[in-house]
>>> print(open('start.tsv').read())   # TSV, C-alpha atoms
chain	number	residue	atom	x	y	z
A	87	MET	CA	89.57	213.09	165.43
A	88	GLU	CA	91.87	211.10	167.66
A	89	TYR	CA	91.53	207.30	167.97
A	90	ARG	CA	92.87	204.74	170.43
A	91	TYR	CA	92.67	200.96	170.34
A	92	ALA	CA	90.70	199.35	173.17
A	93	ARG	CA	93.80	197.27	173.99
A	94	GLU	CA	95.73	200.45	174.81
A	95	SER	CA	93.52	200.98	177.87
A	96	LYS	CA	93.63	197.39	179.15
A	97	CYS	CA	94.46	196.90	182.82
A	98	TYR	CA	94.79	193.79	184.96
A	99	LYS	CA	94.76	193.25	188.71
A	100	THR	CA	94.92	190.02	190.72
A	101	SER	CA	94.39	189.80	194.47
A	102	ARG	CA	94.07	187.17	197.14
A	103	VAL	CA	90.95	186.98	199.26
A	104	PHE	CA	91.96	187.32	202.92
A	105	PRO	CA	89.81	186.64	206.01
A	106	THR	CA	89.38	190.39	206.57
A	107	ASP	CA	87.93	190.69	203.02
A	108	VAL	CA	84.95	188.39	203.58
A	109	ASN	CA	81.46	188.84	204.98
A	110	ASN	CA	79.41	186.59	207.30
A	111	HIS	CA	78.79	184.23	204.33
A	112	ASN	CA	82.56	183.74	203.98
A	113	THR	CA	82.52	185.39	200.53
A	114	LEU	CA	84.24	188.54	199.34
A	115	PHE	CA	82.49	191.72	200.52
A	116	GLY	CA	80.57	193.24	197.61
A	117	GLY	CA	81.83	196.70	198.58
A	118	LYS	CA	85.44	195.51	198.49
A	119	LEU	CA	84.93	194.16	194.97
A	120	MET	CA	83.19	197.40	193.94
A	121	ALA	CA	86.21	199.39	195.16
A	122	TYR	CA	88.52	197.15	193.09
A	123	ILE	CA	86.24	197.67	190.07
A	124	ASP	CA	86.15	201.48	190.35
A	125	ASP	CA	89.91	201.60	190.85
A	126	ILE	CA	90.85	199.52	187.81
A	127	ALA	CA	88.17	201.14	185.64
A	128	SER	CA	89.49	204.61	186.46
A	129	ILE	CA	92.97	203.51	185.39
A	130	ALA	CA	91.66	202.21	182.05
A	131	ALA	CA	89.72	205.44	181.47
A	132	THR	CA	92.76	207.57	182.29
A	133	LYS	CA	94.99	205.52	179.97
A	134	HIS	CA	92.50	205.99	177.13
A	135	CYS	CA	91.92	209.71	177.68
A	136	ARG	CA	95.38	210.63	179.01
A	137	ARG	CA	93.49	213.10	181.20
A	138	SER	CA	92.11	213.18	184.70
A	139	VAL	CA	88.77	211.41	184.83
A	140	VAL	CA	85.87	211.29	187.24
A	141	THR	CA	83.37	208.47	187.71
A	142	ALA	CA	80.05	209.61	186.25
A	143	SER	CA	78.14	206.38	186.84
A	144	THR	CA	78.36	202.75	187.66
A	145	ASP	CA	75.71	201.16	185.47
A	146	SER	CA	75.81	197.82	187.14
A	147	VAL	CA	77.83	195.34	189.07
A	148	ASP	CA	76.41	191.93	188.37
A	149	PHE	CA	77.59	189.40	190.94
A	150	LEU	CA	77.43	186.05	189.14
A	151	HIS	CA	79.37	183.69	191.44
A	152	PRO	CA	80.58	184.05	195.04
A	153	ILE	CA	84.30	184.61	195.59
A	154	ARG	CA	85.71	182.63	198.50
A	155	PRO	CA	88.95	182.78	200.53
A	156	SER	CA	90.35	179.84	198.52
A	157	ASP	CA	90.03	181.96	195.35
A	158	SER	CA	92.08	184.68	193.78
A	159	VAL	CA	90.15	187.51	192.18
A	160	GLY	CA	91.35	188.79	188.81
A	161	LEU	CA	90.03	191.93	187.15
A	162	GLU	CA	90.40	193.03	183.55
A	163	SER	CA	89.21	196.44	182.39
A	164	PHE	CA	89.25	198.40	179.16
A	165	VAL	CA	87.43	201.23	177.40
A	166	THR	CA	84.68	199.85	175.18
A	167	TRP	CA	83.14	203.01	173.75
A	168	SER	CA	83.40	206.78	173.85
A	169	GLY	CA	80.99	209.66	173.66
A	170	ARG	CA	82.04	213.27	173.23
A	171	THR	CA	83.56	213.77	176.70
A	172	SER	CA	82.93	210.39	178.33
A	173	VAL	CA	84.06	206.79	178.04
A	174	GLU	CA	82.40	203.52	178.94
A	175	VAL	CA	84.65	201.02	180.73
A	176	PHE	CA	83.94	197.31	181.04
A	177	VAL	CA	85.31	195.31	183.96
A	178	LYS	CA	85.38	191.51	183.94
A	179	VAL	CA	86.01	189.78	187.27
A	180	VAL	CA	87.36	186.22	187.13
A	181	LYS	CA	87.70	184.08	190.23
A	182	GLU	CA	90.21	181.27	190.24
A	183	ASP	CA	90.20	178.47	192.76
A	184	LEU	CA	93.87	178.48	193.70
A	185	LEU	CA	93.90	174.78	194.54
A	186	SER	CA	92.03	173.35	191.53
A	187	GLY	CA	92.80	176.06	188.96
A	188	GLU	CA	89.11	176.32	187.98
A	189	ARG	CA	88.30	179.78	186.59
A	190	VAL	CA	84.89	181.38	186.14
A	191	VAL	CA	83.57	184.88	185.44
A	192	ALA	CA	82.36	185.94	188.88
A	193	ALA	CA	81.12	189.46	188.07
A	194	THR	CA	80.83	192.04	185.31
A	195	SER	CA	80.46	195.79	185.46
A	196	PHE	CA	80.07	198.86	183.25
A	197	LEU	CA	81.15	202.31	184.40
A	198	THR	CA	81.21	205.72	182.76
A	199	PHE	CA	83.95	208.30	183.25
A	200	VAL	CA	84.17	211.91	182.11
A	201	ALA	CA	87.54	213.38	181.07
A	202	LEU	CA	88.46	216.71	182.66
A	203	ASP	CA	90.83	219.51	181.77
A	204	GLU	CA	92.98	221.45	184.24
A	205	ASN	CA	89.94	223.55	185.24
A	206	LYS	CA	87.83	220.43	185.95
A	207	ARG	CA	85.73	221.01	182.81
A	208	PRO	CA	84.74	218.12	180.49
A	209	VAL	CA	86.94	217.76	177.40
A	210	PRO	CA	86.64	215.64	174.22
A	211	VAL	CA	88.00	212.10	174.36
A	212	PRO	CA	89.53	209.86	171.67
A	213	ASN	CA	87.26	207.42	169.81
A	214	VAL	CA	87.66	203.72	170.55
A	215	VAL	CA	88.84	201.17	167.98
A	216	PRO	CA	87.83	197.62	168.92
A	217	GLU	CA	89.77	194.66	167.54
A	218	THR	CA	88.93	191.37	169.28
A	219	GLU	CA	85.56	189.63	169.09
A	220	GLU	CA	84.87	190.57	172.72
A	221	GLU	CA	85.81	194.23	172.14
A	222	VAL	CA	83.66	194.43	168.97
A	223	LYS	CA	80.62	192.93	170.73
A	224	LEU	CA	80.95	195.39	173.63
A	225	PHE	CA	81.47	198.28	171.20
A	226	GLU	CA	78.43	197.37	169.10
A	227	THR	CA	76.14	197.05	172.13
A	228	ALA	CA	77.39	200.26	173.80
A	229	PRO	CA	74.95	202.74	172.17
A	230	HIS	CA	72.03	200.87	173.74
A	231	ARG	CA	73.68	201.03	177.18
A	232	ALA	CA	74.39	204.74	176.64
A	233	GLU	CA	70.71	205.37	175.88
A	234	MET	CA	69.67	203.43	178.99
A	235	ARG	CA	72.11	205.55	181.05
A	236	ARG	CA	70.63	208.75	179.61
A	237	ILE	CA	67.09	207.65	180.52
A	238	ARG	CA	68.13	206.51	183.99
A	239	ARG	CA	69.96	209.79	184.63
A	240	GLU	CA	66.85	211.79	183.67
A	241	GLU	CA	64.70	209.61	185.94
A	242	SER	CA	67.21	209.99	188.79
A	243	LYS	CA	67.20	213.78	188.48
A	244	LYS	CA	63.41	213.84	188.48
A	245	PHE	CA	63.25	211.50	191.47
A	246	ALA	CA	65.82	213.58	193.38
A	247	GLY	CA	63.40	216.52	193.13
A	248	TYR	CA	60.99	214.63	195.42
A	249	LEU	CA	63.59	213.90	198.08
A	250	THR	CA	64.11	216.00	201.17
A	251	VAL	CA	67.47	217.29	202.34
A	252	LYS	CA	66.23	218.23	205.81
A	253	GLN	CA	67.93	216.88	208.89
A	254	PRO	CA	65.79	214.51	211.00
A	255	TRP	CA	65.70	217.11	213.78
A	256	ASP	CA	64.47	219.94	211.54
>>> encode(input="start.tsv", output="structure tokens")
Amino acid sequence: MEYRYARESKCYKTSRVFPTDVNNHNTLFGGKLMAYIDDIASIAATKHCRRSVVTASTDSVDFLHPIRPSDSVGLESFVTWSGRTSVEVFVKVVKEDLLSGERVVAATSFLTFVALDENKRPVPVPNVVPETEEEVKLFETAPHRAEMRRIRREESKKFAGYLTVKQPWD
């Protein structure tokens, strides 16, 4: 079985918050941050798998503190755990007040990606080796999140069976 250290998948991104990036509350659009999160998480997943990957789920995006135009937004992502053909990626979002230097975790997110072969079929992925205290904690708590994802996916499939696909004019 192949192994990769969590650090080998680490990615970082820092951006300014411009006036066109904010909503009517003068804070970063949630959708803009979610796009940043999916982008950097997909890079971490690809670095770990060294394969094309597809987003299978976004477990959560927990917005903890607003991000304002006077802040920069920094993202850190890495693979925390692997299943047979999927990986869990953690994204930490840190806002920094560019004038005072104060930094705080503004959001966290967990996403799942599936590795694909040339025919777009799922393929096995390397196991993850955590090293730091943060990586170990995320690794140890991952099986619980994986079980919650499995339950939620089953519930979503069941719920989708009740939904209509008709057009409003049908």
>>> closest_residue(input="start.tsv", among="A:Thr141, A:Thr132, A:Ser168, A:Thr113", to="Phe199 (chain A)", atoms="only C-alpha atoms")
A:Thr141
>>> atom_distance(input="start.tsv", atom1="CA of Val209 (chain A)", atom2="CA of Cys135 (chain A)")
9.5 Å
>>> closest_residue(input="start.tsv", among="A:Thr166, A:Ser186, A:Gln253, A:Thr171", to="Val222 (chain A)", atoms="all atoms listed in the file")
A:Thr166
>>> residues_around(input="start.tsv", residues="Arg235 (chain A)", least_positions_apart="5", cutoff="9 Å", atoms="only C-alpha atoms", output="list in words")
Ser143, Asp145, His230 and Glu240 of chain A
>>> atom_distance(input="start.tsv", atom1="CA of Asn109 (chain A)", atom2="CA of Ser195 (chain A)")
20.7 Å
>>> closest_residue(input="start.tsv", among="A:Val147, A:Arg137, A:Pro216, A:Ala127", to="Asp203 (chain A)", atoms="all atoms listed in the file")
A:Arg137
>>> atom_distance(input="start.tsv", atom1="CA of Pro208 (chain A)", atom2="CA of Ser172 (chain A)")
8.2 Å
>>> closest_residue(input="start.tsv", among="A:Lys118, A:Lys178, A:Arg239, A:Lys223", to="Phe164 (chain A)", atoms="only C-alpha atoms")
A:Lys178
>>> closest_residue(input="start.tsv", among="A:Arg136, A:Tyr122, A:Ala130, A:Ala193", to="His151 (chain A)", atoms="all atoms listed in the file")
A:Ala193
>>> closest_residue(input="start.tsv", among="A:Leu114, A:Met120, A:His134, A:Glu162", to="Tyr98 (chain A)", atoms="all atoms listed in the file")
A:Glu162
>>> residues_near_point(input="start.tsv", point="(86.3, 182.2, 187.7)", cutoff="10 Å", atoms="only C-alpha atoms", output="list in words")
Leu150, His151, Pro152, Ile153, Asp157, Ser158, Val159, Gly160, Val179, Val180, Lys181, Glu182, Asp183, Gly187, Glu188, Arg189, Val190, Val191, Ala192 and Ala193 of chain A
